[in-house]
Amino acid sequence: MTATLTPEKKNGSHKELSPELLLQMHDTMVKARVLEERLITMYKQGDGYFWIGGPGEEAFGVPLGMLVQKGHGPEYDYLHLHYRGSPTIMAMGADPVDSLRQMKNTASDPYSRGRNFCCHYSIEKWNVVPVSSPIEVQYSMAPGTALANKRALGGKGTGITIVTGGDAGTAEGDFATCLIWSSRKGHELPVLIIVTNNLYGISTPYEGQHGETKISDRGKPFGMQTLTVDGNDPEVSYQALAAAMDYVRTERKPFLLEVMVSRLYGHSSASGANFVANETDCLAKFEQKLIDRKLITRERADTIRATYNQELLDASKKVREEPQPKPESIWDHVFADTAGNGAPKGSS
Amino acid sequence: MTATLTPEKKNGSHKELSPELLLQMHDTMVKARVLEERLITMYKQGDGYFWIGGPGEEAFGVPLGMLVQKGHGPEYDYLHLHYRGSPTIMAMGADPVDSLRQMKNTASDPYSRGRNFCCHYSIEKWNVVPVSSPIEVQYSMAPGTALANKRALGGKGTGITIVTGGDAGTAEGDFATCLIWSSRKGHELPVLIIVTNNLYGISTPYEGQHGETKISDRGKPFGMQTLTVDGNDPEVSYQALAAAMDYVRTERKPFLLEVMVSRLYGHSSASGANFVANETDCLAKFEQKLIDRKLITRERADTIRATYNQELLDASKKVREEPQPKPESIWDHVFADTAGNGAPKGSS
Amino acid sequence: MATMVQAIRMALHVGEERHGVTDVFGEDIGPPLGGAFTQTQGIKTSWNSPLDERGIVGMAIGLALAGQRPVAEIQFCDYAFNTIDLLKLAGAMHWSSAGDWKCPMVLMTPVGAGIRGSIYHSHSFDAQATRLAGWKIVCPSNPRDAYGLMLSAIVDPNPVMYLMPKALLRVKGRPGEEVPGEPGDDKALSKMIDQPPGGDRSKWRPEWPKLEDLFIPIGKASIVRPGKHVTIVTYGRDVLMALGAAEEAAKDGTDVEVIDLRSLHPYDWDAIKTSVKKTNRVIFVNEDTEITNFGEHLLRRTVEELFYELHAPPKLVAGKHVPGIGLADSLEHASVPQKATILAAIRETAAHVP
Amino acid sequence: MATMVQAIRMALHVGEERHGVTDVFGEDIGPPLGGAFTQTQGIKTSWNSPLDERGIVGMAIGLALAGQRPVAEIQFCDYAFNTIDLLKLAGAMHWSSAGDWKCPMVLMTPVGAGIRGSIYHSHSFDAQATRLAGWKIVCPSNPRDAYGLMLSAIVDPNPVMYLMPKALLRVKGRPGEEVPGEPGDDKALSKMIDQPPGGDRSKWRPEWPKLEDLFIPIGKASIVRPGKHVTIVTYGRDVLMALGAAEEAAKDGTDVEVIDLRSLHPYDWDAIKTSVKKTNRVIFVNEDTEITNFGEHLLRRTVEELFYELHAPPKLVAGKHVPGIGLADSLEHASVPQKATILAAIRETAAHVP
Ligand SMILES: Cc1ncc(C[n+]2csc(CCOP(=O)(O)OP(=O)(O)O)c2C)c(N)n1
Ligand SMILES: Cc1ncc(C[n+]2csc(CCOP(=O)(O)OP(=O)(O)O)c2C)c(N)n1
Ligand SMILES: [Mg+2]
Ligand SMILES: [Mg+2]
């Protein structure tokens, strides 16, 4: 499927991206990729039990993170991500070492204190709601934060809700729930509904599971703006995201964006976590483009990668030494007040 | 919304309906209406605890029942109805007295032996699957019987699956499930997906709950044939159902049909079960049309109604005397074999 | 004296006026109906949701995460069984993020039999609810508790499930069970806060009495009848059933103590322990089906911790393990505990010679 | 000796060849993968469903109603919590229609901890499953039972839930736990029926051994270790845990009887009763969370019916009531029973002086 931008786009968002922006995007894409590869290596070396992540989605995820109106509370954007969100989180400025901590399930893992799988982020101060494993539940919750966005600043806010998930997951009723709750006439919600389509759900190809030709078409009966774009091209993604976000921020209405992406290391460690040669590598492609355009040299690009590589290698060694959570910590944070905390049998 | 027929219709289904058919339709509509009114009276007189039913849907429900390929097993049509299906069941030839039995929750109620609310039909020999209260679950099950239909007679069968439900209920994920599972490319299923739109869910108007202008549009992204028709006109309904069924039977693909209907006695006894004057009465309108066309006289029409009325009044008196289920019968039919039947604590 | 449903309505009103409630929503919750049981009539922040329970729970979670204070409703608990995963996630939000996020939502839902609701309007939800770690679960048995538990639920920083025994919604309180601030006169109260049926319902506005705050602590039981011989631990609708049975038993000289748990989680173990140590005989009563039942948990803990205090086998009186509750009275009565069932259990337990 | 997952695959093969199975389906069940645990490799009637658990259960119900014989899978039981209403309806189909319709479907799903599955790949489902009236529930602990229970599930006229303890799927049987007809040699079996990784998986065809029918009766427990002093009633993964603990306890002279329930509903009450009457001490073990837990049901019934047989308080060893099972080993081990936990319970129970 080829990239097309909506006729509906506004504010001349089609203008060329500046070289600085392109280089910043490239840098973060490298960082995100190196992080994922480090996580995979950790898994393969026994420094973690399971890997799942977003290598191959950097050309979409990084622009998304860059465009987020980052902050705390309903004046800012809420993010309901799934397990492929590292590029976005990196673009928002998170420390990649924290991702290693979650991989190694250390007590220092700030996202879950060793409880959850890697790349299951939770950053309250940036409105990143906890990533959970059940596919598509985030689409049922997104209208809630979007309603808060809509009310913020007496209705004058520009914060929006962004929700992401995969192509196969759109078969869950929760995806329909999101379409329905965000498009009620007179009660439309500012939510950017994103589907990252890598044409697979684990081992199951898109082909044969979908009656719809484009997933984004599912927004149409609801009067939604919709768009399908090539998520392997960061310039196209950036433009599309900027246009879609602009629409949602301004119109306070939903937008359904489908982004075609690659699954560069397969589904997860359960399927081996090996590089998949026949998928488009958005980073390699973008790097070549920047080199061709003389915005960067091969050497510089290699240096960036080598530097991140070394940093994360070093960090992974340190993380390995950090303590594991204590057994009794299972009782921590059952309740947000003290009631029942530490009470094994639910008594008061 | 006005009635329109699809451009896709075939087999000249647009031809005029014969006078015999119209009179048969009228007769059954009267019978179904009288049944519902009798059920309401029984409720109001304390001969039942709860009423819900389909008065106002006869102009759609009766043609549906007449067009069903009635029988047992996947060579025939499966029906997944909701609680407004009496007109269809009457058109299929069920005994209205059995409906009174379910209203009075007698042991003789063939549909549930006093267990379920009135108009919750179950007729295995005619492929009518048990009607249950939870809204929309029938849409998740319909693809299963449709797959059996598709396989019947080595793939040469003409049996289809028919599923009905209300407008508000389409917000449940199960409606989306039905669209998805029945339209998978290469795996399309012969299911006629019907939504009876009375513009209400209990007290909640359609307006303000739906982003879609027409519910039938929701089939479009899935490449489905769709149609919205005036269900208050039995001729229009009949033609639309015939065309849609013909498509599903022949093409072995799904069809989404939205039928605009009236809720002539409100939602249920919970909302009073009183006649709602500002809704279209499909039976009165049709009767007048038949009189105008000189196909029937007012007297004849009144006689038909009076006869059914008397029959059901007499029957309701008899049903009142029929025995209630025995307390210990709660243990009957927990299992289809003997294991655990009558075993209060689940032991073998 | 207010009914339970009026008490709930008044608590929601106080909640939105004084305690930050931003949304009271669910199917038919807003005007014109104000709830299938009139529980939300006149509530300013009430609104009608789409017919989608997963959407309702998801919306409540999202609102709670974003700092709003939602009170969401599932019209009948019978329709919450497709949302258990979302309920689990709400309960896990704080824990799985290791304290990063809070999810302070209230989910209210009518539960239980007693209104001839047939197979899908008679379910209990206590077994499901008590399995949801991270949730607090309450279930009032009278208007005052209904009011005070709702206010406690609203200000709680955790998800709280509020189970409304539907057979009690129209029941008035007994003396001492007033909502603080309600006018003494029933008719006067009804005129003020009950929406007149018919007419232009969306134009009607309630006139609220001057209501006081009351926070019934979550986790605290109430001894609704002190007694010496047998303890009954119950909640919701069965509190009244148990009291009725206790009155009968008293005629034979058996003095029954009835504990209304009020909070199912966290629950008041001290109250149970103290009572069992006194009476040495205990019966757990609830309407939910009897296999993998919350009363079995309470019984198990009693046996593990108080084995030698027991002078008779502890008993569970609960609903029968059948797929549903049949419509006919004969069937409903055979399916969930009745006064006679409880009385029989009292007699057997009291008569037991160790 | 076959592993449990091979045994399941062989049963599905026999099911589709000889016992009318028409569909084996679910997420990633068809080619090329053949199931997240390889459980459906080479099965002719297997197919990949959309990623929609409600759709999977709905499809299975519809197929069963229409006379097909479906075996559906929920990829992890952790993802079945949004289908409880549909599962209830499947269990109610025969009952609510008063015997009119049957719904003979099998639903299989991997359960439990032990593979470092973190919060949403470690759930148990026994508490939920045993609450579903109208369903039969089985849970094998070894390859032979896995084979024989699957065949019984397939021919049963009711909905049957088949819980697969995921930690045991790759475990081989002990002597006597062969699948009837499997070749003696592991390598030979693997070559015949395990799909080679990589390569063109959709072209591969298995070569099935000549398998015999075996129907392990649903409702019949198995005494996997006879003993005199303490009874352990368990199933699935915890059977091996309990056996390990029993070995340890034997060193101190405590002779533990281990009952593998195999069927959770209907369950073999006679086996439990007989054993408790002999040992007078009983521990119920399972991995599900400890509040409103199926073991609490078994314990309750034991107390109600066998109170005076008990020489020590009966015990439950179960999962902790927390929102999830954490990923770190320290967390997982603290959350679900381990050999040491069971051993401690044995020691306490055995040492108890009445
Ligand atoms: C409700 C639920 N069902 C099943 C799974 C198991 N599972 C994890 S990822 C996955 C495939 C997801 O495919 P898609 O939505 O396309 O996202 P992708 O992984 O391709 O990005 C499945 C079935 C799950 N996590 N949650
Ligand atoms: C899952 C579920 N949620 C809520 C209800 C309560 N309820 C019964 S009928 C109804 C409204 C249905 O409206 P619609 O789908 O438009 O059908 P109609 O009654 O108008 O024909 C509701 C909310 C239910 N039965 N099931
Ligand atoms: Mg995908
Ligand atoms: Mg309607």
# chains A, B, ... in the order shown; residues from 1 in each chain; ligands from 1

$ select_by_dssp --residues "range 26-251 of chain A" --states "strand (DSSP E)" --output "list in words"
Tyr78, Leu79, His80, Thr161, Ile162, Val163, Thr164, Gly165, Gly166, Val191, Leu192, Ile193, Ile194, Val195, Thr196, Asn197, Tyr200, Gly201, Thr204, Pro205, Gln225, Thr226, Leu227, Thr228, Val229 and Asp230 of chain A

$ interface_residues --of "chain D" --to "chain B" --cutoff "8 Å" --atoms "only C-alpha atoms" --output "number ranges by chain"
D: 50, 52, 54-55, 57-68, 86, 92-102, 133-135, 157-158, 219-220, 265-269

$ select_by_dssp --residues "range 157-346 of chain B" --states "alpha helix (DSSP H)" --output "MDAnalysis selection string"
chainID B and resid 173:183 234:251 282:292 298:321

$ residues_near_ligand --ligand "ligand 3" --cutoff "12 Å" --atoms "only C-alpha atoms and all ligand atoms" --output "ChimeraX atom specification"
/A:54,56-57,82-84,135-136,164-171,195-207,209,215,258-264,266-268 /D:50-51

$ residues_around --residues "Ala244 in chain B" --least-positions-apart "4" --cutoff "9 Å" --atoms "only C-alpha atoms" --output "NGL selection string"
:B and (6 or 9 or 192 or 225-227 or 239-240 or 248-249 or 255-257)

$ write_last_selection --atoms "N, CA and C atoms" --output "PDB file, in the first residue's frame"
ATOM      1  N   THR B   6     -31.701  -2.270  -2.777  1.00  0.00           N
ATOM      2  CA  THR B   6     -30.344  -2.242  -3.332  1.00  0.00           C
ATOM      3  C   THR B   6     -30.372  -2.323  -4.835  1.00  0.00           C
ATOM      4  N   LYS B   9     -30.025  -6.166  -6.059  1.00  0.00           N
ATOM      5  CA  LYS B   9     -31.035  -7.227  -5.995  1.00  0.00           C
ATOM      6  C   LYS B   9     -31.140  -7.977  -7.323  1.00  0.00           C
ATOM      7  N   LEU B 192     -27.390 -13.573   7.126  1.00  0.00           N
ATOM      8  CA  LEU B 192     -28.177 -12.360   6.936  1.00  0.00           C
ATOM      9  C   LEU B 192     -28.201 -11.645   8.283  1.00  0.00           C
ATOM     10  N   GLN B 225     -22.779  -6.335   1.155  1.00  0.00           N
ATOM     11  CA  GLN B 225     -24.001  -5.742   0.654  1.00  0.00           C
ATOM     12  C   GLN B 225     -24.763  -5.197   1.850  1.00  0.00           C
ATOM     13  N   THR B 226     -25.292  -4.008   1.718  1.00  0.00           N
ATOM     14  CA  THR B 226     -26.032  -3.401   2.821  1.00  0.00           C
ATOM     15  C   THR B 226     -27.286  -2.728   2.299  1.00  0.00           C
ATOM     16  N   LEU B 227     -28.239  -2.558   3.204  1.00  0.00           N
ATOM     17  CA  LEU B 227     -29.506  -1.944   2.820  1.00  0.00           C
ATOM     18  C   LEU B 227     -30.233  -1.482   4.075  1.00  0.00           C
ATOM     19  N   GLN B 239     -39.991  -7.701   0.142  1.00  0.00           N
ATOM     20  CA  GLN B 239     -39.135  -7.618  -1.049  1.00  0.00           C
ATOM     21  C   GLN B 239     -37.656  -7.534  -0.647  1.00  0.00           C
ATOM     22  N   ALA B 240     -37.404  -6.714   0.355  1.00  0.00           N
ATOM     23  CA  ALA B 240     -36.014  -6.531   0.770  1.00  0.00           C
ATOM     24  C   ALA B 240     -35.455  -7.815   1.348  1.00  0.00           C
ATOM     25  N   VAL B 248     -27.809 -14.003  -0.097  1.00  0.00           N
ATOM     26  CA  VAL B 248     -27.042 -14.808   0.871  1.00  0.00           C
ATOM     27  C   VAL B 248     -27.100 -16.291   0.505  1.00  0.00           C
ATOM     28  N   ARG B 249     -28.276 -16.753   0.104  1.00  0.00           N
ATOM     29  CA  ARG B 249     -28.415 -18.168  -0.267  1.00  0.00           C
ATOM     30  C   ARG B 249     -27.560 -18.522  -1.475  1.00  0.00           C
ATOM     31  N   PHE B 255     -24.906 -10.337   4.331  1.00  0.00           N
ATOM     32  CA  PHE B 255     -25.684  -9.171   3.908  1.00  0.00           C
ATOM     33  C   PHE B 255     -26.125  -8.475   5.187  1.00  0.00           C
ATOM     34  N   LEU B 256     -25.941  -7.167   5.258  1.00  0.00           N
ATOM     35  CA  LEU B 256     -26.365  -6.412   6.435  1.00  0.00           C
ATOM     36  C   LEU B 256     -27.608  -5.601   6.100  1.00  0.00           C
ATOM     37  N   LEU B 257     -28.696  -5.948   6.747  1.00  0.00           N
ATOM     38  CA  LEU B 257     -29.983  -5.312   6.476  1.00  0.00           C
ATOM     39  C   LEU B 257     -30.466  -4.575   7.722  1.00  0.00           C
TER      40      LEU B 257
END

$ interface_residues --of "chain D" --to "chain C" --cutoff "9 Å" --atoms "only C-alpha atoms" --output "NGL selection string"
:D and (54 or 78-86 or 88-89 or 91-93 or 95-96 or 119 or 127-128 or 130-134 or 289-300 or 303-308 or 312-316 or 321-324 or 326)

$ residues_around --residues "Gly208 in chain B" --least-positions-apart "6" --cutoff "8 Å" --atoms "only C-alpha atoms" --output "VMD selection string"
chain A and resid 184 to 187

$ atom_distance --atom1 "CA of Lys317 in chain B" --atom2 "CA of Met103 in chain B"
12.5 Å

$ atom_distance --atom1 "CA of Ser141 in chain D" --atom2 "CA of His121 in chain D"
18.9 Å

$ residues_around --residues "range 307-316 of chain A" --least-positions-apart "2" --cutoff "9 Å" --atoms "only C-alpha atoms" --output "MDAnalysis selection string"
chainID A and resid 30:31 34:35 37:39 42 47 96:97 100:101 104 302:305 318:321

$ atom_distance --atom1 "CA of Met108 in chain C" --atom2 "CA of Gly244 in chain C"
27.0 Å

$ residues_around --residues "range 87-93 of chain A" --least-positions-apart "2" --cutoff "6 Å" --atoms "only C-alpha atoms" --output "PyMOL selection string"
chain A and resi 32+58+61-62+64-66+85

$ write_last_selection --atoms "C-alpha atoms" --output "short mmCIF file (atom, residue, chain, number, x, y, z; two decimals), in the first residue's frame"
data_model
loop_
_atom_site.label_atom_id
_atom_site.label_comp_id
_atom_site.auth_asym_id
_atom_site.auth_seq_id
_atom_site.Cartn_x
_atom_site.Cartn_y
_atom_site.Cartn_z
CA ALA A 32 15.43 3.01 19.64
CA GLU A 58 10.86 3.43 14.38
CA GLY A 61 7.04 5.54 16.49
CA VAL A 62 9.76 8.18 16.67
CA LEU A 64 4.83 10.04 17.09
CA GLY A 65 6.91 10.58 20.21
CA MET A 66 8.34 13.81 18.84
CA GLY A 85 6.04 1.53 21.80
#

$ residues_around --residues "Asp255 in chain D" --least-positions-apart "6" --cutoff "8 Å" --atoms "only C-alpha atoms" --output "list in words"
Gly227, Lys228, His229, Val230, Ala246 and Ala249 of chain D

$ closest_residue --among "A:Ala301, A:Leu179, A:Ile291, A:Leu283" --to "chain B" --atoms "only C-alpha atoms"
A:Leu179

$ closest_residue --among "A:Pro190, A:Gly272, A:Gly219, A:Pro325" --to "chain B" --atoms "only C-alpha atoms"
A:Gly219

$ closest_residue --among "A:Ser237, A:Thr338, A:Ser216, A:Asn278" --to "chain B" --atoms "only C-alpha atoms"
A:Ser216

$ closest_residue --among "A:Thr280, A:Thr41, A:Ser182, A:Asn232" --to "chain B" --atoms "only C-alpha atoms"
A:Ser182

$ closest_residue --among "A:Leu21, A:Met29, A:Leu290, A:Met224" --to "chain B" --atoms "only C-alpha atoms"
A:Met224

$ decode --residues "range 301-320 of chain C" --atoms "N, CA, C and O atoms" --output "mmCIF file, in the first residue's frame"
data_model
loop_
_atom_site.group_PDB
_atom_site.id
_atom_site.type_symbol
_atom_site.label_atom_id
_atom_site.label_comp_id
_atom_site.auth_asym_id
_atom_site.auth_seq_id
_atom_site.Cartn_x
_atom_site.Cartn_y
_atom_site.Cartn_z
ATOM 1 N N ARG C 301 -11.358 -19.692 55.904
ATOM 2 C CA ARG C 301 -10.494 -18.965 56.827
ATOM 3 C C ARG C 301 -10.906 -19.234 58.278
ATOM 4 O O ARG C 301 -10.054 -19.392 59.157
ATOM 5 N N THR C 302 -12.186 -19.345 58.483
ATOM 6 C CA THR C 302 -12.683 -19.652 59.825
ATOM 7 C C THR C 302 -12.143 -21.004 60.284
ATOM 8 O O THR C 302 -11.673 -21.153 61.419
ATOM 9 N N VAL C 303 -12.206 -21.970 59.396
ATOM 10 C CA VAL C 303 -11.735 -23.305 59.758
ATOM 11 C C VAL C 303 -10.225 -23.292 60.003
ATOM 12 O O VAL C 303 -9.732 -23.889 60.958
ATOM 13 N N GLU C 304 -9.504 -22.598 59.131
ATOM 14 C CA GLU C 304 -8.041 -22.588 59.300
ATOM 15 C C GLU C 304 -7.621 -21.910 60.595
ATOM 16 O O GLU C 304 -6.702 -22.342 61.267
ATOM 17 N N GLU C 305 -8.328 -20.807 60.953
ATOM 18 C CA GLU C 305 -7.876 -20.039 62.105
ATOM 19 C C GLU C 305 -8.641 -20.325 63.393
ATOM 20 O O GLU C 305 -8.144 -20.004 64.476
ATOM 21 N N LEU C 306 -9.842 -20.854 63.274
ATOM 22 C CA LEU C 306 -10.680 -20.990 64.480
ATOM 23 C C LEU C 306 -11.214 -22.409 64.655
ATOM 24 O O LEU C 306 -12.292 -22.615 65.225
ATOM 25 N N PHE C 307 -10.463 -23.375 64.151
ATOM 26 C CA PHE C 307 -10.936 -24.764 64.117
ATOM 27 C C PHE C 307 -11.453 -25.230 65.477
ATOM 28 O O PHE C 307 -12.532 -25.802 65.584
ATOM 29 N N TYR C 308 -10.678 -24.927 66.515
ATOM 30 C CA TYR C 308 -11.053 -25.461 67.827
ATOM 31 C C TYR C 308 -12.074 -24.605 68.568
ATOM 32 O O TYR C 308 -12.501 -24.928 69.658
ATOM 33 N N GLU C 309 -12.466 -23.518 67.944
ATOM 34 C CA GLU C 309 -13.551 -22.717 68.518
ATOM 35 C C GLU C 309 -14.910 -23.260 68.075
ATOM 36 O O GLU C 309 -15.941 -22.880 68.614
ATOM 37 N N LEU C 310 -14.882 -24.086 67.058
ATOM 38 C CA LEU C 310 -16.141 -24.494 66.429
ATOM 39 C C LEU C 310 -16.775 -25.681 67.143
ATOM 40 O O LEU C 310 -16.162 -26.743 67.242
ATOM 41 N N HIS C 311 -18.010 -25.492 67.593
ATOM 42 C CA HIS C 311 -18.725 -26.584 68.254
ATOM 43 C C HIS C 311 -19.702 -27.274 67.314
ATOM 44 O O HIS C 311 -20.436 -28.165 67.732
ATOM 45 N N ALA C 312 -19.716 -26.830 66.099
ATOM 46 C CA ALA C 312 -20.551 -27.479 65.074
ATOM 47 C C ALA C 312 -19.877 -27.209 63.735
ATOM 48 O O ALA C 312 -19.150 -26.227 63.597
ATOM 49 N N PRO C 313 -20.115 -28.080 62.757
ATOM 50 C CA PRO C 313 -19.522 -27.787 61.444
ATOM 51 C C PRO C 313 -20.049 -26.450 60.938
ATOM 52 O O PRO C 313 -21.255 -26.211 61.006
ATOM 53 N N PRO C 314 -19.178 -25.595 60.491
ATOM 54 C CA PRO C 314 -19.653 -24.336 59.914
ATOM 55 C C PRO C 314 -20.400 -24.650 58.625
ATOM 56 O O PRO C 314 -20.143 -25.665 57.984
ATOM 57 N N LYS C 315 -21.304 -23.782 58.269
ATOM 58 C CA LYS C 315 -22.202 -24.083 57.146
ATOM 59 C C LYS C 315 -22.192 -22.953 56.129
ATOM 60 O O LYS C 315 -22.003 -21.784 56.484
ATOM 61 N N LEU C 316 -22.454 -23.336 54.892
ATOM 62 C CA LEU C 316 -22.712 -22.334 53.856
ATOM 63 C C LEU C 316 -24.155 -22.496 53.397
ATOM 64 O O LEU C 316 -24.584 -23.610 53.089
ATOM 65 N N VAL C 317 -24.872 -21.389 53.364
ATOM 66 C CA VAL C 317 -26.201 -21.395 52.727
ATOM 67 C C VAL C 317 -26.075 -20.465 51.531
ATOM 68 O O VAL C 317 -25.819 -19.267 51.689
ATOM 69 N N ALA C 318 -26.203 -21.029 50.348
ATOM 70 C CA ALA C 318 -25.948 -20.217 49.148
ATOM 71 C C ALA C 318 -26.849 -20.662 48.016
ATOM 72 O O ALA C 318 -27.703 -21.540 48.187
ATOM 73 N N GLY C 319 -26.658 -20.048 46.861
ATOM 74 C CA GLY C 319 -27.457 -20.395 45.693
ATOM 75 C C GLY C 319 -27.047 -21.749 45.141
ATOM 76 O O GLY C 319 -25.928 -22.203 45.329
ATOM 77 N N LYS C 320 -27.964 -22.371 44.433
ATOM 78 C CA LYS C 320 -27.678 -23.688 43.866
ATOM 79 C C LYS C 320 -26.805 -23.555 42.610
ATOM 80 O O LYS C 320 -26.926 -22.599 41.866
#
